[in-house]
Amino acid sequence: MQHFLLSSKARSISLKAVFTMGEDKAYKTFCDMRWPENDGEAVCPRCGCVEVYGIATRRKFKCVACHHQFSVTSGTIFASRKMSFTDLLAAIVIFVNGAKGIAALQLSRDLDCQYKTAFVLTHKLREAMRREMAGRQLDGIVEIDGAYFGGYSKPENRKEDRKDRRLKANLTGKRQCVVIMRERGGKSLPFIVRNEGDAVPFVRDHVGTLTTIMADEGTGWDALHAGWDTRRINHSVAFSDEGACTNQAESYFSRLRRMEVGTHHHIAGPYLNAYAGEASWREDNRRTDNGAQAGMVAMAAMGSRVSRQWKGYWQRAG
Ligand SMILES: [Zn+2]
């Protein structure tokens, strides 16, 4: 069964379409995304029972077997939503449409909601994007690269002062390194470390041993040679290992920098991991239609992965 956002009609989805569909259809869309295996009909999130009473006026359900009361968003990241279903759907569309990310302030203006509501919602959507990456394994040819965020102080003009600034940035402890691993023709996976050299354990966890890794000349990557076929490029000389390049990893960082400079102005600190994940998701899905993107984010947010486990439950019980 295909829910609305994955149907061909929604290949591209406009805000106009969202607001034209109205609250009932938006609600139905969320039911379809929450319970795709049951044709959008409610399933008890506590015991998996498909026999439920609908309390239609309040859009609530009560389980026949265990008497648990729930709604379409119970147990999902939208559980304490303050928005209408139409606004929530619109928020998802605005969010996926923002190639450079979307600022909470912008979203709060677009939807006429409180800044705090928009702030929490955008972070929940990032969390949903991040969730799709859990346990990701990369193989084949994997490009790896790192870039530093945060801990900036104002650049000085004199060269010796610049050097000093880098030292100070180091000392603040706020400087973090985003490392991206990107499979050629496949998915990417970012993570946060203090220095590139700290990345090896993460690489070990997520990159197969038969992988060929492409890395630049940074000494932090030297340790990769011990575990993988590793090819190096050297940006400062005219030759490198044959065919080695990290262009895909670099385009990831140019998107993350565009998000920083163009939208958020400051992405370091506790949310760096969330923004790094968002940039990865956007890179990986950059050729996907926005309707399908909205569907992917919404499905992940509605915890469809858990629902698929319940599908097995029904088959066993059925
Ligand atoms: Zn139940």
# chains A, B, ... in the order shown; residues from 1 in each chain; ligands from 1
call {"tool": "residues_around", "arguments": {"residues": "Arg184 (chain A)", "least_positions_apart": "3", "cutoff": "9 Å", "atoms": "only C-alpha atoms", "output": "count of residues only"}}
result
8
call {"tool": "residues_near_ligand", "arguments": {"ligand": "ligand 1", "cutoff": "9 Å", "atoms": "only C-alpha atoms and all ligand atoms", "output": "number ranges by chain"}}
result
A: 43-52, 62-69
call {"tool": "residues_around", "arguments": {"residues": "Asp216 (chain A)", "least_positions_apart": "5", "cutoff": "9 Å", "atoms": "only C-alpha atoms", "output": "number ranges by chain"}}
result
A: 144-145, 221, 231-235, 244-246
call {"tool": "write_last_selection", "arguments": {"atoms": "N, CA and C atoms", "output": "PDB file, in the first residue's frame"}}
result
ATOM      1  N   ILE A 144      36.620   9.520   2.683  1.00  0.00           N
ATOM      2  CA  ILE A 144      36.546  10.015   4.061  1.00  0.00           C
ATOM      3  C   ILE A 144      37.230  11.378   4.127  1.00  0.00           C
ATOM      4  N   ASP A 145      36.635  12.270   4.901  1.00  0.00           N
ATOM      5  CA  ASP A 145      37.231  13.595   5.055  1.00  0.00           C
ATOM      6  C   ASP A 145      36.710  14.215   6.348  1.00  0.00           C
ATOM      7  N   TRP A 221      44.805  10.331   9.013  1.00  0.00           N
ATOM      8  CA  TRP A 221      44.318   9.171   8.250  1.00  0.00           C
ATOM      9  C   TRP A 221      45.376   8.085   8.079  1.00  0.00           C
ATOM     10  N   ARG A 231      43.850   4.794  -0.269  1.00  0.00           N
ATOM     11  CA  ARG A 231      44.519   5.614  -1.296  1.00  0.00           C
ATOM     12  C   ARG A 231      44.503   7.059  -0.839  1.00  0.00           C
ATOM     13  N   ARG A 232      45.612   7.745  -1.067  1.00  0.00           N
ATOM     14  CA  ARG A 232      45.724   9.123  -0.594  1.00  0.00           C
ATOM     15  C   ARG A 232      45.804  10.107  -1.745  1.00  0.00           C
ATOM     16  N   ILE A 233      45.203  11.244  -1.567  1.00  0.00           N
ATOM     17  CA  ILE A 233      45.398  12.341  -2.513  1.00  0.00           C
ATOM     18  C   ILE A 233      46.130  13.446  -1.785  1.00  0.00           C
ATOM     19  N   ASN A 234      46.870  14.188  -2.567  1.00  0.00           N
ATOM     20  CA  ASN A 234      47.604  15.301  -1.981  1.00  0.00           C
ATOM     21  C   ASN A 234      47.224  16.563  -2.742  1.00  0.00           C
ATOM     22  N   HIS A 235      46.481  17.433  -2.081  1.00  0.00           N
ATOM     23  CA  HIS A 235      45.979  18.631  -2.747  1.00  0.00           C
ATOM     24  C   HIS A 235      47.091  19.597  -3.141  1.00  0.00           C
ATOM     25  N   ALA A 244      42.502   8.557  -7.105  1.00  0.00           N
ATOM     26  CA  ALA A 244      42.035   8.875  -5.765  1.00  0.00           C
ATOM     27  C   ALA A 244      41.460  10.286  -5.721  1.00  0.00           C
ATOM     28  N   CYS A 245      40.280  10.426  -5.146  1.00  0.00           N
ATOM     29  CA  CYS A 245      39.748  11.757  -4.914  1.00  0.00           C
ATOM     30  C   CYS A 245      38.703  11.698  -3.814  1.00  0.00           C
ATOM     31  N   THR A 246      38.470  12.837  -3.220  1.00  0.00           N
ATOM     32  CA  THR A 246      37.458  12.904  -2.161  1.00  0.00           C
ATOM     33  C   THR A 246      36.405  13.970  -2.509  1.00  0.00           C
TER      34      THR A 246
END
call {"tool": "residues_around", "arguments": {"residues": "Arg255 (chain A)", "least_positions_apart": "5", "cutoff": "9 Å", "atoms": "only C-alpha atoms", "output": "mmCIF file with all heavy atoms, in the first residue's frame"}}
result
data_model
loop_
_atom_site.group_PDB
_atom_site.id
_atom_site.type_symbol
_atom_site.label_atom_id
_atom_site.label_comp_id
_atom_site.auth_asym_id
_atom_site.auth_seq_id
_atom_site.Cartn_x
_atom_site.Cartn_y
_atom_site.Cartn_z
ATOM 1 N N ALA A 99 17.073 23.418 0.894
ATOM 2 C CA ALA A 99 18.317 22.730 0.528
ATOM 3 C C ALA A 99 19.464 23.105 1.463
ATOM 4 O O ALA A 99 20.371 22.316 1.679
ATOM 5 C CB ALA A 99 18.684 23.053 -0.919
ATOM 6 N N LYS A 100 19.419 24.318 1.995
ATOM 7 C CA LYS A 100 20.451 24.751 2.935
ATOM 8 C C LYS A 100 19.950 24.629 4.373
ATOM 9 O O LYS A 100 20.452 25.289 5.272
ATOM 10 C CB LYS A 100 20.826 26.218 2.661
ATOM 11 C CG LYS A 100 21.597 26.408 1.379
ATOM 12 C CD LYS A 100 22.117 27.830 1.254
ATOM 13 C CE LYS A 100 20.992 28.824 1.084
ATOM 14 N NZ LYS A 100 21.513 30.207 0.828
ATOM 15 N N GLU A 250 33.885 16.194 -0.198
ATOM 16 C CA GLU A 250 33.984 17.655 -0.202
ATOM 17 C C GLU A 250 32.651 18.312 -0.529
ATOM 18 O O GLU A 250 32.328 19.374 0.011
ATOM 19 C CB GLU A 250 35.074 18.101 -1.176
ATOM 20 C CG GLU A 250 36.466 17.940 -0.568
ATOM 21 C CD GLU A 250 37.565 17.873 -1.608
ATOM 22 O OE1 GLU A 250 37.426 18.555 -2.640
ATOM 23 O OE2 GLU A 250 38.548 17.129 -1.391
ATOM 24 N N GLU A 260 25.558 26.391 7.341
ATOM 25 C CA GLU A 260 26.085 27.213 8.433
ATOM 26 C C GLU A 260 26.050 28.698 8.071
ATOM 27 O O GLU A 260 25.515 29.525 8.801
ATOM 28 C CB GLU A 260 27.522 26.788 8.755
ATOM 29 C CG GLU A 260 28.144 27.602 9.881
ATOM 30 C CD GLU A 260 29.607 27.219 10.135
ATOM 31 O OE1 GLU A 260 30.351 27.020 9.159
ATOM 32 O OE2 GLU A 260 29.990 27.126 11.313
ATOM 33 N N ALA A 279 22.661 17.305 6.873
ATOM 34 C CA ALA A 279 23.388 17.547 5.624
ATOM 35 C C ALA A 279 23.626 16.235 4.879
ATOM 36 O O ALA A 279 23.525 16.167 3.647
ATOM 37 C CB ALA A 279 24.716 18.244 5.906
ATOM 38 N N SER A 280 23.913 15.183 5.633
ATOM 39 C CA SER A 280 24.134 13.869 5.032
ATOM 40 C C SER A 280 22.859 13.362 4.356
ATOM 41 O O SER A 280 22.878 12.892 3.224
ATOM 42 C CB SER A 280 24.598 12.916 6.142
ATOM 43 O OG SER A 280 24.534 11.580 5.728
ATOM 44 N N ARG A 282 20.358 15.124 3.270
ATOM 45 C CA ARG A 282 20.045 15.956 2.112
ATOM 46 C C ARG A 282 20.949 15.609 0.922
ATOM 47 O O ARG A 282 20.496 15.578 -0.217
ATOM 48 C CB ARG A 282 20.188 17.441 2.461
ATOM 49 C CG ARG A 282 19.087 17.945 3.386
ATOM 50 C CD ARG A 282 19.192 19.451 3.581
ATOM 51 N NE ARG A 282 18.294 19.933 4.613
ATOM 52 C CZ ARG A 282 16.984 20.164 4.432
ATOM 53 N NH1 ARG A 282 16.438 19.964 3.252
ATOM 54 N NH2 ARG A 282 16.235 20.603 5.425
ATOM 55 N N GLU A 283 22.222 15.337 1.174
ATOM 56 C CA GLU A 283 23.121 14.930 0.099
ATOM 57 C C GLU A 283 22.675 13.590 -0.496
ATOM 58 O O GLU A 283 22.571 13.435 -1.696
ATOM 59 C CB GLU A 283 24.549 14.790 0.629
ATOM 60 C CG GLU A 283 25.358 16.066 0.602
ATOM 61 C CD GLU A 283 25.600 16.581 -0.810
ATOM 62 O OE1 GLU A 283 26.284 15.909 -1.590
ATOM 63 O OE2 GLU A 283 25.097 17.679 -1.137
#
call {"tool": "residues_around", "arguments": {"residues": "region 109-120 of chain A", "least_positions_apart": "4", "cutoff": "12 Å", "atoms": "only C-alpha atoms", "output": "ChimeraX atom specification"}}
result
/A:15,19,77-78,80-84,86-95,102-105,124-127,264,271
call {"tool": "atom_distance", "arguments": {"atom1": "CA of Gly277 (chain A)", "atom2": "CA of Leu107 (chain A)"}}
result
19.5 Å
call {"tool": "atom_distance", "arguments": {"atom1": "CA of Leu121 (chain A)", "atom2": "CA of Ala147 (chain A)"}}
result
27.2 Å
call {"tool": "closest_residue", "arguments": {"among": "A:Gly173, A:Ala298, A:His266, A:Leu210", "to": "Phe85 (chain A)", "atoms": "only C-alpha atoms"}}
result
A:Ala298
